[in-house]
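This is start.txt. It holds compact mmCIF, C-alpha atoms and all ligand atoms.
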# COMPACT_ATOMS: atom_id res chain seq x y z
CA MET A 1 60.92 -3.01 -50.97
CA LYS A 2 62.07 -5.42 -53.66
CA THR A 3 62.06 -8.98 -52.39
CA TYR A 4 64.76 -10.19 -54.77
CA ILE A 5 67.32 -8.23 -52.82
CA SER A 6 65.95 -7.84 -49.30
CA SER A 7 65.16 -11.49 -48.74
CA TRP A 8 65.74 -14.83 -50.38
CA PRO A 9 62.92 -15.38 -52.92
CA SER A 10 60.53 -18.08 -51.72
CA ASP A 11 60.43 -19.71 -55.18
CA CYS A 12 64.20 -20.05 -55.42
CA PRO A 13 65.87 -23.12 -53.85
CA ALA A 14 69.09 -22.56 -51.91
CA LEU A 15 72.28 -23.53 -53.72
CA PRO A 16 73.25 -27.12 -52.96
CA PHE A 17 76.54 -27.97 -51.21
CA PRO A 18 79.34 -28.25 -52.08
CA ARG A 19 79.09 -24.81 -53.68
CA ALA A 20 81.35 -23.84 -56.54
CA ILE A 21 82.54 -20.27 -55.98
CA SER A 22 84.43 -17.57 -57.87
CA ILE A 23 86.22 -15.10 -55.61
CA LEU A 24 86.92 -11.71 -57.18
CA GLY A 25 89.42 -9.85 -55.02
CA SER A 26 90.73 -12.98 -53.29
CA THR A 27 93.99 -11.24 -52.32
CA GLY A 28 92.22 -8.44 -50.43
CA SER A 29 91.07 -8.23 -46.85
CA ILE A 30 87.60 -9.63 -47.67
CA GLY A 31 89.02 -12.26 -50.03
CA VAL A 32 91.46 -13.55 -47.42
CA SER A 33 88.70 -13.69 -44.78
CA ALA A 34 86.46 -15.58 -47.22
CA LEU A 35 89.17 -18.17 -47.89
CA ASN A 36 89.60 -18.55 -44.13
CA VAL A 37 85.87 -19.43 -43.87
CA ILE A 38 86.12 -21.80 -46.84
CA GLU A 39 89.21 -23.52 -45.46
CA LYS A 40 87.40 -24.16 -42.19
CA HIS A 41 84.61 -25.88 -44.18
CA PRO A 42 86.36 -27.58 -47.11
CA ASP A 43 83.45 -30.01 -47.56
CA LEU A 44 81.06 -27.11 -48.34
CA PHE A 45 82.94 -25.39 -51.19
CA VAL A 46 84.83 -25.91 -54.42
CA VAL A 47 86.92 -22.91 -55.45
CA THR A 48 86.43 -22.49 -59.20
CA ALA A 49 88.17 -19.14 -59.69
CA LEU A 50 90.38 -16.71 -57.83
CA ALA A 51 91.09 -13.16 -59.00
CA GLY A 52 93.63 -10.72 -57.63
CA ALA A 53 95.37 -7.74 -59.16
CA ARG A 54 98.96 -6.98 -58.10
CA ASN A 55 99.65 -9.29 -55.17
CA LEU A 56 100.75 -12.22 -57.30
CA ARG A 57 102.64 -14.00 -54.55
CA LEU A 58 99.54 -14.25 -52.35
CA LEU A 59 97.38 -15.22 -55.33
CA ALA A 60 99.84 -17.99 -56.20
CA GLU A 61 99.78 -19.28 -52.61
CA GLN A 62 95.97 -19.29 -52.59
CA ALA A 63 95.88 -20.99 -55.98
CA ALA A 64 98.36 -23.64 -54.84
CA ARG A 65 96.10 -24.48 -51.89
CA HIS A 66 92.81 -24.60 -53.82
CA ARG A 67 93.88 -25.46 -57.38
CA PRO A 68 91.04 -23.58 -59.09
CA PRO A 69 90.86 -24.10 -62.88
CA TYR A 70 90.64 -20.30 -63.42
CA LEU A 71 92.66 -17.34 -62.19
CA ALA A 72 92.71 -13.67 -63.15
CA VAL A 73 95.13 -10.78 -62.69
CA LEU A 74 95.45 -7.18 -63.82
CA ASP A 75 97.47 -7.50 -67.05
CA GLU A 76 99.54 -9.72 -69.38
CA ASP A 77 102.73 -9.14 -67.40
CA GLY A 78 100.91 -10.40 -64.33
CA VAL A 79 99.82 -13.53 -66.20
CA LYS A 80 103.43 -14.39 -67.09
CA ALA A 81 104.74 -13.62 -63.62
CA LEU A 82 101.96 -15.65 -61.97
CA ARG A 83 102.71 -18.70 -64.16
CA GLY A 84 106.22 -18.68 -62.78
CA LEU A 85 104.93 -18.74 -59.19
CA LEU A 86 102.52 -21.68 -59.55
CA PRO A 87 103.44 -25.22 -58.47
CA ALA A 88 104.70 -27.69 -61.09
CA GLY A 89 102.00 -29.67 -62.85
CA TYR A 90 99.19 -27.15 -62.21
CA PHE A 91 98.05 -25.31 -65.36
CA PRO A 92 94.97 -23.14 -64.72
CA ARG A 93 93.60 -20.76 -67.34
CA ILE A 94 94.83 -17.32 -66.36
CA LEU A 95 92.78 -14.41 -67.67
CA CYS A 96 93.52 -10.72 -67.24
CA GLY A 97 92.12 -7.21 -67.17
CA PRO A 98 88.49 -6.12 -66.92
CA GLU A 99 87.42 -8.76 -69.50
CA GLY A 100 89.13 -11.44 -67.45
CA TYR A 101 87.32 -10.45 -64.24
CA VAL A 102 84.02 -10.26 -66.12
CA ALA A 103 84.57 -13.75 -67.56
CA LEU A 104 85.29 -15.21 -64.12
CA ALA A 105 82.16 -13.57 -62.70
CA ALA A 106 80.05 -15.31 -65.34
CA LEU A 107 81.61 -18.80 -65.36
CA PRO A 108 78.83 -21.38 -65.78
CA GLU A 109 80.67 -23.74 -63.39
CA ALA A 110 80.29 -21.40 -60.38
CA PRO A 111 76.80 -20.32 -59.31
CA LEU A 112 78.20 -18.37 -56.33
CA VAL A 113 80.35 -15.24 -56.80
CA LEU A 114 82.04 -13.23 -54.06
CA SER A 115 82.39 -9.69 -55.40
CA ALA A 116 85.25 -8.22 -53.34
CA ILE A 117 87.30 -6.14 -55.76
CA VAL A 118 87.78 -2.65 -54.33
CA GLY A 119 86.31 0.44 -55.95
CA ALA A 120 84.74 1.12 -59.33
CA ALA A 121 86.77 -1.73 -60.86
CA GLY A 122 84.22 -4.05 -59.25
CA PHE A 123 81.26 -2.62 -61.15
CA LEU A 124 81.52 -4.54 -64.45
CA PRO A 125 82.31 -7.92 -62.85
CA THR A 126 79.40 -7.49 -60.42
CA LEU A 127 77.11 -6.59 -63.31
CA ALA A 128 78.38 -9.63 -65.24
CA ALA A 129 77.53 -11.85 -62.28
CA ALA A 130 74.03 -10.33 -62.17
CA GLN A 131 73.57 -10.85 -65.91
CA ALA A 132 74.69 -14.47 -65.52
CA GLY A 133 72.05 -15.07 -62.81
CA LYS A 134 74.50 -15.75 -59.99
CA VAL A 135 74.08 -15.66 -56.24
CA ILE A 136 76.28 -12.66 -55.52
CA ALA A 137 77.86 -12.23 -52.11
CA LEU A 138 78.43 -8.51 -52.49
CA ALA A 139 81.21 -6.69 -50.64
CA ASN A 140 81.98 -4.21 -53.42
CA LYS A 141 79.56 -1.45 -52.35
CA GLU A 142 80.96 0.90 -55.00
CA ALA A 143 79.28 -1.24 -57.68
CA LEU A 144 75.86 -0.29 -56.29
CA VAL A 145 76.88 3.35 -55.87
CA LEU A 146 77.92 3.51 -59.53
CA GLY A 147 75.17 1.50 -61.13
CA GLY A 148 72.65 0.33 -58.55
CA PRO A 149 69.63 0.63 -60.86
CA ILE A 150 71.46 -1.17 -63.69
CA ILE A 151 72.56 -4.00 -61.41
CA ARG A 152 69.09 -4.32 -59.89
CA ARG A 153 67.55 -4.57 -63.34
CA ALA A 154 70.07 -7.24 -64.36
CA CYS A 155 69.27 -9.19 -61.17
CA ARG A 156 65.56 -9.00 -61.84
CA GLU A 157 65.86 -10.04 -65.49
CA ASN A 158 68.26 -12.90 -64.90
CA GLY A 159 67.20 -14.27 -61.51
CA ALA A 160 70.38 -13.17 -59.76
CA ILE A 161 70.32 -12.61 -56.02
CA ILE A 162 72.47 -10.30 -53.94
CA LEU A 163 73.44 -11.26 -50.41
CA PRO A 164 75.09 -8.27 -48.73
CA VAL A 165 78.49 -8.92 -47.17
CA ASP A 166 78.92 -5.36 -45.87
CA SER A 167 78.35 -5.87 -42.14
CA GLU A 168 75.68 -3.17 -41.76
CA HIS A 169 73.67 -4.38 -44.75
CA ASN A 170 74.11 -7.96 -43.71
CA ALA A 171 72.73 -7.00 -40.30
CA LEU A 172 69.78 -5.26 -41.98
CA PHE A 173 69.16 -8.25 -44.23
CA GLN A 174 68.91 -10.49 -41.18
CA ALA A 175 66.71 -8.04 -39.23
CA LEU A 176 64.41 -7.57 -42.24
CA ALA A 177 63.89 -11.32 -42.81
CA GLY A 178 60.34 -12.49 -42.25
CA HIS A 179 58.92 -8.99 -41.87
CA ASP A 180 56.43 -7.13 -44.00
CA ALA A 181 57.92 -4.19 -45.92
CA GLU A 182 54.82 -2.18 -45.00
CA ASP A 183 55.77 -2.33 -41.33
CA LEU A 184 59.22 -0.87 -41.88
CA ARG A 185 59.79 2.66 -40.61
CA ARG A 186 63.53 3.23 -41.03
CA LEU A 187 66.92 1.64 -41.34
CA ILE A 188 69.57 2.71 -38.85
CA LEU A 189 73.17 2.17 -39.92
CA THR A 190 75.76 2.12 -37.19
CA ALA A 191 79.15 3.77 -37.78
CA SER A 192 82.22 3.31 -35.62
CA GLY A 193 83.12 6.97 -36.14
CA GLY A 194 86.58 5.93 -37.35
CA PRO A 195 89.94 6.89 -35.86
CA PHE A 196 89.16 10.63 -35.72
CA ARG A 197 85.90 10.58 -33.78
CA GLY A 198 85.86 13.39 -31.24
CA LYS A 199 88.86 15.22 -32.76
CA THR A 200 88.87 18.86 -33.88
CA LEU A 201 89.08 20.39 -37.34
CA GLU A 202 92.51 21.69 -36.34
CA PHE A 203 93.66 18.14 -35.61
CA LEU A 204 92.27 16.80 -38.90
CA ARG A 205 94.20 19.40 -40.89
CA THR A 206 97.51 17.61 -40.39
CA VAL A 207 96.65 13.92 -39.98
CA SER A 208 98.82 11.46 -41.91
CA PRO A 209 97.75 8.42 -43.93
CA ARG A 210 99.23 6.22 -41.19
CA GLN A 211 96.94 7.82 -38.58
CA ALA A 212 93.95 7.60 -40.91
CA LEU A 213 94.62 3.92 -41.67
CA ALA A 214 94.59 2.96 -37.99
CA HIS A 215 90.95 1.93 -37.65
CA PRO A 216 89.98 1.26 -34.04
CA ASN A 217 87.83 -1.86 -34.62
CA TRP A 218 88.11 -3.34 -38.11
CA SER A 219 91.08 -4.60 -40.10
CA MET A 220 90.40 -3.63 -43.73
CA GLY A 221 91.97 -2.62 -47.03
CA ALA A 222 93.51 0.85 -47.36
CA LYS A 223 90.75 2.50 -49.40
CA ILE A 224 87.86 1.55 -47.12
CA SER A 225 89.97 2.44 -44.06
CA ILE A 226 90.37 6.01 -45.34
CA ASP A 227 86.67 6.05 -46.25
CA SER A 228 85.95 5.11 -42.64
CA ALA A 229 88.13 7.95 -41.38
CA THR A 230 86.28 10.54 -43.54
CA LEU A 231 82.92 8.81 -42.96
CA MET A 232 82.55 8.54 -46.74
CA ASN A 233 82.25 4.82 -46.09
CA LYS A 234 79.00 5.51 -44.25
CA GLY A 235 77.92 7.84 -47.05
CA LEU A 236 78.49 5.09 -49.62
CA GLU A 237 76.67 2.69 -47.31
CA ILE A 238 73.59 4.92 -47.09
CA ILE A 239 73.40 4.79 -50.88
CA GLU A 240 74.05 1.05 -50.79
CA ALA A 241 71.15 0.60 -48.33
CA CYS A 242 68.76 2.65 -50.48
CA ARG A 243 69.68 0.61 -53.53
CA LEU A 244 69.60 -2.78 -51.87
CA TYR A 245 66.35 -2.31 -50.02
CA GLY A 246 64.49 0.13 -52.29
CA ILE A 247 63.96 2.60 -49.46
CA GLY A 248 64.11 6.42 -49.58
CA MET A 249 67.21 8.26 -48.37
CA ASP A 250 65.09 10.09 -45.76
CA ARG A 251 64.41 6.74 -44.07
CA VAL A 252 68.04 5.72 -43.65
CA ASP A 253 69.72 7.15 -40.56
CA VAL A 254 73.20 6.87 -39.14
CA VAL A 255 74.18 6.58 -35.49
CA VAL A 256 77.78 6.49 -34.29
CA HIS A 257 78.51 3.43 -32.16
CA PRO A 258 82.23 3.33 -31.36
CA GLN A 259 82.32 -0.28 -30.13
CA SER A 260 81.10 -1.73 -33.49
CA ILE A 261 79.11 -4.45 -31.72
CA VAL A 262 75.64 -3.49 -32.98
CA HIS A 263 76.01 -3.77 -36.74
CA SER A 264 72.77 -1.95 -37.67
CA LEU A 265 69.08 -1.82 -36.79
CA VAL A 266 65.69 -1.95 -38.45
CA GLU A 267 62.92 0.13 -36.92
CA TYR A 268 59.32 -1.02 -37.35
CA THR A 269 56.10 1.01 -37.12
CA ASP A 270 55.28 -0.28 -33.63
CA GLY A 271 58.50 1.23 -32.28
CA SER A 272 60.46 -2.04 -32.18
CA GLN A 273 64.06 -1.80 -33.28
CA LEU A 274 65.67 -5.10 -34.28
CA ALA A 275 69.46 -5.07 -34.07
CA HIS A 276 72.15 -7.51 -35.13
CA LEU A 277 75.08 -7.89 -32.73
CA GLY A 278 78.36 -9.72 -33.07
CA THR A 279 82.12 -9.57 -32.71
CA PRO A 280 83.40 -7.10 -35.32
CA ASP A 281 84.97 -9.58 -37.76
CA MET A 282 84.00 -9.77 -41.43
CA ARG A 283 84.18 -13.57 -41.41
CA ILE A 284 80.74 -13.58 -39.73
CA PRO A 285 78.82 -11.78 -42.53
CA ILE A 286 80.96 -13.50 -45.18
CA ALA A 287 80.07 -16.95 -43.81
CA TYR A 288 76.41 -15.92 -43.63
CA CYS A 289 76.42 -15.03 -47.33
CA LEU A 290 78.47 -17.96 -48.58
CA CYS A 291 76.46 -20.57 -46.67
CA HIS A 292 73.01 -18.93 -46.67
CA PRO A 293 70.61 -20.10 -45.30
CA ARG A 294 72.89 -22.37 -43.27
CA ARG A 295 74.91 -20.96 -40.38
CA VAL A 296 78.35 -22.42 -39.85
CA GLU A 297 81.10 -21.97 -37.29
CA VAL A 298 83.77 -19.36 -37.95
CA ASP A 299 87.07 -18.83 -36.16
CA VAL A 300 85.87 -15.68 -34.40
CA PRO A 301 85.53 -15.34 -30.62
CA MET A 302 81.91 -15.32 -29.49
CA LEU A 303 80.60 -11.94 -28.42
CA ASP A 304 80.80 -11.57 -24.64
CA LEU A 305 78.60 -8.59 -23.79
CA ALA A 306 79.61 -8.57 -20.13
CA ALA A 307 83.26 -8.29 -21.22
CA VAL A 308 82.37 -5.45 -23.63
CA GLY A 309 80.56 -3.76 -20.74
CA THR A 310 79.24 -0.60 -22.32
CA LEU A 311 77.66 0.11 -25.66
CA THR A 312 77.39 3.81 -26.53
CA PHE A 313 75.66 5.74 -29.30
CA GLU A 314 75.94 9.33 -30.49
CA GLU A 315 75.09 11.58 -33.43
CA PRO A 316 77.69 11.84 -36.21
CA ASP A 317 79.59 15.15 -36.24
CA LEU A 318 78.68 16.51 -39.68
CA SER A 319 80.89 19.58 -39.36
CA LEU A 320 83.99 17.38 -39.00
CA PHE A 321 82.86 14.76 -41.50
CA PRO A 322 81.05 16.47 -44.41
CA CYS A 323 81.37 13.37 -46.64
CA LEU A 324 78.30 11.86 -45.05
CA ASN A 325 76.08 14.67 -46.29
CA LEU A 326 77.89 14.90 -49.63
CA ALA A 327 76.79 11.32 -50.26
CA ARG A 328 73.21 12.10 -49.28
CA GLU A 329 73.15 15.16 -51.54
CA ALA A 330 74.64 13.22 -54.45
CA TYR A 331 72.06 10.46 -54.12
CA ASN A 332 69.20 12.96 -53.90
CA ALA A 333 70.48 14.98 -56.88
CA SER A 334 70.35 12.27 -59.59
CA ASP A 335 71.53 8.77 -60.55
CA SER A 336 74.65 10.27 -62.13
CA HIS A 337 75.84 12.30 -59.12
CA PRO A 338 76.82 9.22 -57.03
CA ILE A 339 79.13 8.14 -59.89
CA VAL A 340 80.91 11.50 -59.68
CA LEU A 341 80.97 11.32 -55.87
CA ASN A 342 82.60 7.91 -56.01
CA ALA A 343 85.11 8.80 -58.73
CA ALA A 344 86.23 11.98 -56.97
CA ASN A 345 86.49 10.08 -53.70
CA GLU A 346 88.64 7.31 -55.21
CA VAL A 347 90.98 9.88 -56.78
CA ALA A 348 91.17 11.92 -53.57
CA VAL A 349 91.79 8.88 -51.34
CA ASP A 350 94.56 7.71 -53.64
CA LEU A 351 96.20 11.15 -53.59
CA PHE A 352 95.93 11.32 -49.82
CA LEU A 353 97.51 7.87 -49.43
CA LYS A 354 100.38 9.06 -51.64
CA GLU A 355 100.68 12.15 -49.40
CA LYS A 356 99.92 14.50 -52.30
CA ILE A 357 96.94 16.14 -50.60
CA ALA A 358 95.83 16.71 -47.02
CA PHE A 359 93.03 14.82 -45.28
CA LEU A 360 90.63 17.77 -45.45
CA ASP A 361 91.22 18.07 -49.20
CA ILE A 362 89.28 14.84 -49.67
CA PRO A 363 85.80 16.33 -48.99
CA ARG A 364 86.88 19.56 -50.69
CA LEU A 365 87.70 17.77 -53.98
CA ILE A 366 84.50 15.73 -53.83
CA GLU A 367 82.35 18.78 -53.18
CA ALA A 368 83.95 20.61 -56.11
CA ALA A 369 83.41 17.62 -58.42
CA LEU A 370 79.73 17.43 -57.46
CA ALA A 371 79.31 21.18 -57.97
CA ARG A 372 80.72 20.87 -61.53
CA HIS A 373 78.44 18.01 -62.49
CA LYS A 374 75.13 18.38 -64.32
CA ALA A 375 72.67 15.52 -63.85
CA MET A 376 72.48 13.08 -66.75
CA GLU A 377 70.70 9.86 -67.52
CA VAL A 378 72.67 6.68 -66.85
CA SER A 379 70.83 3.66 -68.13
CA ASP A 380 73.72 1.57 -69.49
CA PRO A 381 77.14 0.48 -68.23
CA ALA A 382 79.06 2.34 -70.96
CA THR A 383 77.65 5.66 -69.73
CA VAL A 384 78.58 4.76 -66.15
CA LEU A 385 82.18 4.01 -67.13
CA ALA A 386 82.49 7.11 -69.32
CA LEU A 387 81.23 9.37 -66.54
CA ASP A 388 83.49 7.65 -64.02
CA ALA A 389 86.54 8.28 -66.24
CA GLN A 390 85.53 11.87 -66.93
CA ALA A 391 84.99 12.68 -63.24
CA ARG A 392 88.38 11.16 -62.36
CA ALA A 393 90.14 13.24 -65.03
CA GLU A 394 88.35 16.42 -63.95
CA THR A 395 89.14 15.86 -60.28
CA LEU A 396 92.83 15.47 -61.11
CA ALA A 397 92.78 18.48 -63.41
CA ALA A 398 91.17 20.65 -60.73
CA LEU A 399 93.98 20.02 -58.23
P1 LIG A 401 91.54 -4.60 -50.32
O1 LIG A 401 92.22 -3.38 -50.78
O2 LIG A 401 92.07 -5.31 -49.13
O3 LIG A 401 91.45 -5.66 -51.52
C1 LIG A 401 91.02 -5.26 -52.78
C2 LIG A 401 91.03 -6.43 -53.74
O4 LIG A 401 90.74 -5.93 -55.06
C3 LIG A 401 92.40 -7.12 -53.85
O5 LIG A 401 92.21 -8.46 -54.15
C4 LIG A 401 93.05 -6.37 -55.03
O6 LIG A 401 94.07 -7.14 -55.65
C5 LIG A 401 91.84 -6.22 -55.92
N1 LIG A 401 91.97 -5.11 -56.86
C6 LIG A 401 92.49 -3.87 -56.62
N2 LIG A 401 92.41 -3.10 -57.72
C7 LIG A 401 91.85 -3.88 -58.68
C8 LIG A 401 91.52 -3.67 -60.04
N3 LIG A 401 91.76 -2.50 -60.66
N4 LIG A 401 90.96 -4.68 -60.73
C9 LIG A 401 90.71 -5.86 -60.13
N5 LIG A 401 91.01 -6.13 -58.85
C10 LIG A 401 91.56 -5.14 -58.13
O7 LIG A 401 90.01 -4.21 -50.10
P2 LIG A 401 88.95 -4.85 -49.08
O8 LIG A 401 89.02 -6.33 -49.13
O9 LIG A 401 89.06 -4.16 -47.78
O10 LIG A 401 87.59 -4.35 -49.74
C11 LIG A 401 87.05 -4.94 -50.90
C12 LIG A 401 85.64 -4.42 -51.11
O11 LIG A 401 84.83 -4.84 -50.01
C13 LIG A 401 85.56 -2.89 -51.13
O12 LIG A 401 84.58 -2.50 -52.05
C14 LIG A 401 85.13 -2.53 -49.72
O13 LIG A 401 84.40 -1.33 -49.66
C15 LIG A 401 84.25 -3.72 -49.39
N6 LIG A 401 84.14 -3.98 -47.95
C16 LIG A 401 85.26 -4.29 -47.24
C17 LIG A 401 85.19 -4.51 -45.88
C18 LIG A 401 86.40 -4.89 -45.09
O14 LIG A 401 86.26 -5.16 -43.90
N7 LIG A 401 87.58 -4.96 -45.65
C19 LIG A 401 83.90 -4.39 -45.17
C20 LIG A 401 82.78 -4.12 -46.02
C21 LIG A 401 82.90 -3.90 -47.36
P3 LIG A 401 95.64 -7.05 -55.18
O15 LIG A 401 95.62 -6.87 -53.69
O16 LIG A 401 96.16 -8.38 -55.63
O17 LIG A 401 96.26 -5.91 -55.89
MG MG A 402 80.29 -1.58 -43.63
Just dump the structure as C-alpha cells.
Ligand code: NDP
Ligand code: MG
Amino acid sequence: MKTYISSWPSDCPALPFPRAISILGSTGSIGVSALNVIEKHPDLFVVTALAGARNLRLLAEQAARHRPPYLAVLDEDGVKALRGLLPAGYFPRILCGPEGYVALAALPEAPLVLSAIVGAAGFLPTLAAAQAGKVIALANKEALVLGGPIIRRACRENGAIILPVDSEHNALFQALAGHDAEDLRRLILTASGGPFRGKTLEFLRTVSPRQALAHPNWSMGAKISIDSATLMNKGLEIIEACRLYGIGMDRVDVVVHPQSIVHSLVEYTDGSQLAHLGTPDMRIPIAYCLCHPRRVEVDVPMLDLAAVGTLTFEEPDLSLFPCLNLAREAYNASDSHPIVLNAANEVAVDLFLKEKIAFLDIPRLIEAALARHKAMEVSDPATVLALDAQARAETLAAL
C-alpha cells in the first residue's frame, strides 16, 4: 500500500483554514453539493476558481455568490455568454477548454482542488493538480481509470495528495486509517445494485433512459446514474480502489447492499471487518475531504439505524450486469485496456441517453471494444488521450 494515497502522510501538515479551493465541475451534482458544504462554513473556505461546461446560468449564479477571481467554461462562445450573465462590476478571468481547466487546477493561489468534472475530460486537469502538488479531493474516478499510474507518479514526485470523494473509497480511506497495510486482507465495496436489481434480462432489453436514470438511493449526474444501472460504476470503482490503495484486483470484492447505508468495508487478517456507515448523501464524503482532518456539520439528516430497520447484502448478478467483470478483465489485461473500457463506456452511455442504442448494447459495445484492443504501454498523458480518442472513434464506427 502506498501511504501517500491511503492515508495522510505524517510529515505533511494539514492545510490551514481558510482554505483556498478550485472547484472543477462546480455546476455538476458533486460541485453543487460541495458549494452547499462551503456555504454552510463560509469561514473555512475561499473560492478561488469555479469551472463548469455548458450550464452557464448556474455557473454565473455560483460566481455571483462567491466572486472567485477565476472561472472556466468549455469554449470561447461560453466565455462571451458567461460575461453577459455576471453581475456588474465583477470581472473575473474566464478561461476555456482543456487548457483552461488545466490552468485552474494548477493555480498557485489554491492548494485545494475538487476534481469533479465527469468522464475522461477530468483526466488532464486532475493530472495538472497532481503535478502542481495540490491536495486533490477526487470525485472524477475516470481519471484514475485512464491514467492511474501516471497520476500516482505525479503525486509522488510533486507531493500531491489524493483524498477520495467517491463514497466507497472515502469509506475505505477512513477504515484504513491507523492500520498496518500488512494486516489488510481485502477491500469490500458495497453497491446499491441500481434501479434494475432483481430484474430479468427480458426486462433489461427494453428499459428507457428515464428508467435507468431513476437511481433508488443517490441523486447524481446522468452518466454515473447510467453507470450505476449497468454496474459499470462498480467496475470503475474496483479499478479506482486498486489504483488508490495499491492492492491487487483479486483482493477487491463487491457486495450488493440495496440500502446504501454501509459505504464499504475493510477486512483485516484477524477476521475483523471495519465498515463506514452514513446517510447516503455525497455532502458527507465531500465535507470529509474538503476539511480533512477536521469534521464539520453538514445539512444531512443523521443516520437513524432503527428507522432504517434492515440492512441486507447479496452477491451481484453477473449474468445481468456483465460490466462488472468487463472492468475486472480490462484491469487484469493491461494498463491500456481500462482506457478502452472507459472510452467505449462513455460513448455507449451517451448513445443510450440519446436513445440511439438499447440498454443491453452498452456491455456489448464495451466487450467488442476490449476484444479489438491489443495491450500497449501507456506511460505519458499524450498516449492516454490518443488511445481514448481512437477507442471512441472505433466504438462509434463499429455500431
Ligand atoms: P454531473 O454530470 O452532474 O456534472 C459534471 C460536471 O462536469 C459539470 O460541472 C459539467 O459542466 C462538467 N463537464 C461536463 N463535460 C465537461 C467537459 N467536457 N469539460 C469540462 N467539464 C465538463 O456529474 P457528477 O457531479 O454526478 O459527477 C462528477 C464526477 O464525480 C464523475 O466522475 C462521477 O463519476 C464522480 N462521482 C459522482 C458522484 C455523485 O454522487 N454524483 C459520486 C461519486 C463519484 P456543465 O454541467 O456546466 O455542462
Ligand atoms: Mg461510488
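Atom to atom, CA of Leu71 (chain A) and atom O8 of ligand LIG 401 (chain A) stand 17.5 Å apart.
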Review point. Counting all atoms listed in the file, which of A:Met249, A:Val262, A:Ala375, A:Ile21 gets nearest to ligand MG 402 (chain A)?
Key: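 The closest residue to ligand MG 402 (chain A) is A:Val262.
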Build an axis-aligned box that encloses every atom of ligand LIG 401 (chain A) listed in the file, pad it by 3 Å on each side, and report its centre and edge lengths in Å to one decimal, as AutoDock Vina command-line options.
--center_x 89.5 --center_y -4.9 --center_z -52.3 --size_x 19.5 --size_y 13.1 --size_z 22.8
Exercise for review: Could you check which of A:Thr312, A:Thr48, A:Gln62, A:Thr230 is closest to Arg364 (chain A), using only C-alpha atoms?
Suggested key: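 Closest to Arg364 (chain A), using only C-alpha atoms: A:Thr230.
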Excluding Ile30 (chain A) and any residue of its chain fewer than 3 positions from it, enumerate the residues within 7 Å of it, using only C-alpha atoms, and give them as an mmCIF file with C-alpha atoms, keeping the file's coordinate frame.
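Generated file (around10.cif):
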data_model
loop_
_atom_site.group_PDB
_atom_site.id
_atom_site.type_symbol
_atom_site.label_atom_id
_atom_site.label_comp_id
_atom_site.auth_asym_id
_atom_site.auth_seq_id
_atom_site.Cartn_x
_atom_site.Cartn_y
_atom_site.Cartn_z
ATOM 1 C CA SER A 33 88.700 -13.690 -44.780
ATOM 2 C CA ALA A 34 86.460 -15.580 -47.220
ATOM 3 C CA ALA A 116 85.250 -8.220 -53.340
#
For region 187-276 of chain A against region 283-296 of chain A, with a cut-off of 12 Å and counting only C-alpha atoms, what is the closest atom pair and its distance in Å to one decimal for every residue that makes the cut, ordered by chain and number, as a Markdown table?
| residue | atom | partner | partner_atom | distance |
| --- | --- | --- | --- | --- |
| A:Trp218 | CA | A:Arg283 | CA | 11.4 |
| A:Ser219 | CA | A:Arg283 | CA | 11.4 |
| A:Met220 | CA | A:Arg283 | CA | 12.0 |
| A:His263 | CA | A:Pro285 | CA | 10.3 |
| A:His276 | CA | A:Pro285 | CA | 10.8 |
Enumerate, in order of chain and increasing residue number, the residues of chain A with an atom no farther than 12 Å from ligand MG 402 (chain A), each with its shortest atom pair and distance in Å to one decimal, counting only C-alpha atoms and all ligand atoms, as CSV.
residue,atom,partner,partner_atom,distance
A:Ile30,CA,A:MG402,MG,11.6
A:Leu138,CA,A:MG402,MG,11.4
A:Ala139,CA,A:MG402,MG,8.7
A:Asn140,CA,A:MG402,MG,10.3
A:Lys141,CA,A:MG402,MG,8.8
A:Glu142,CA,A:MG402,MG,11.7
A:Pro164,CA,A:MG402,MG,9.9
A:Val165,CA,A:MG402,MG,8.3
A:Asp166,CA,A:MG402,MG,4.6
A:Ser167,CA,A:MG402,MG,4.9
A:Glu168,CA,A:MG402,MG,5.2
A:His169,CA,A:MG402,MG,7.3
A:Asn170,CA,A:MG402,MG,8.9
A:Ala171,CA,A:MG402,MG,9.9
A:Leu172,CA,A:MG402,MG,11.3
A:Leu189,CA,A:MG402,MG,8.9
A:Thr190,CA,A:MG402,MG,8.7
A:Ala191,CA,A:MG402,MG,8.0
A:Ser192,CA,A:MG402,MG,9.6
A:Gly193,CA,A:MG402,MG,11.7
A:Gly194,CA,A:MG402,MG,11.6
A:Asn217,CA,A:MG402,MG,11.8
A:Trp218,CA,A:MG402,MG,9.7
A:Ser219,CA,A:MG402,MG,11.7
A:Met220,CA,A:MG402,MG,10.3
A:Ile224,CA,A:MG402,MG,8.9
A:Ser225,CA,A:MG402,MG,10.5
A:Asp227,CA,A:MG402,MG,10.3
A:Ser228,CA,A:MG402,MG,8.8
A:Leu231,CA,A:MG402,MG,10.7
A:Met232,CA,A:MG402,MG,10.8
A:Asn233,CA,A:MG402,MG,7.1
A:Lys234,CA,A:MG402,MG,7.2
A:Gly235,CA,A:MG402,MG,10.3
A:Leu236,CA,A:MG402,MG,9.1
A:Glu237,CA,A:MG402,MG,6.7
A:Ile238,CA,A:MG402,MG,10.0
A:Ile239,CA,A:MG402,MG,11.9
A:Glu240,CA,A:MG402,MG,9.9
A:Ala241,CA,A:MG402,MG,10.5
A:Val254,CA,A:MG402,MG,11.9
A:Ser260,CA,A:MG402,MG,10.2
A:Val262,CA,A:MG402,MG,11.8
A:His263,CA,A:MG402,MG,8.4
A:Ser264,CA,A:MG402,MG,9.6
A:Pro280,CA,A:MG402,MG,10.4
A:Asp281,CA,A:MG402,MG,11.0
A:Met282,CA,A:MG402,MG,9.3
A:Pro285,CA,A:MG402,MG,10.4
Revision key, fill the gap. CA of Ala333 (chain A) sits from CA of Ala382 (chain A) at a separation of 20.8 Å
Practice item. Can you work out the spacing between CA of Cys242 (chain A) and atom C16 of ligand LIG 401 (chain A) in Å, to one decimal? Key: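 Interatomic distance, CA of Cys242 (chain A) to atom C16 of ligand LIG 401 (chain A): 18.2 Å.
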**Study point:** Contacts of Ala389 (chain A) within 12 Å, all atoms listed in the file, excl. fewer than 4 positions in-chain, as number ranges by chain
**Key:** A: 120-121, 146, 339-340, 342-344, 346-347, 382-385, 393-396
Point to revise | Within 8 Å of region 96-112 of chain A using all atoms listed in the file, minus same-chain residues under 2 positions, as a PyMOL selection string | key: chain A and resi 15+19-22+24+48-49+51+70-76+78-79+94+114+121+124-126+128-129+131-137+290
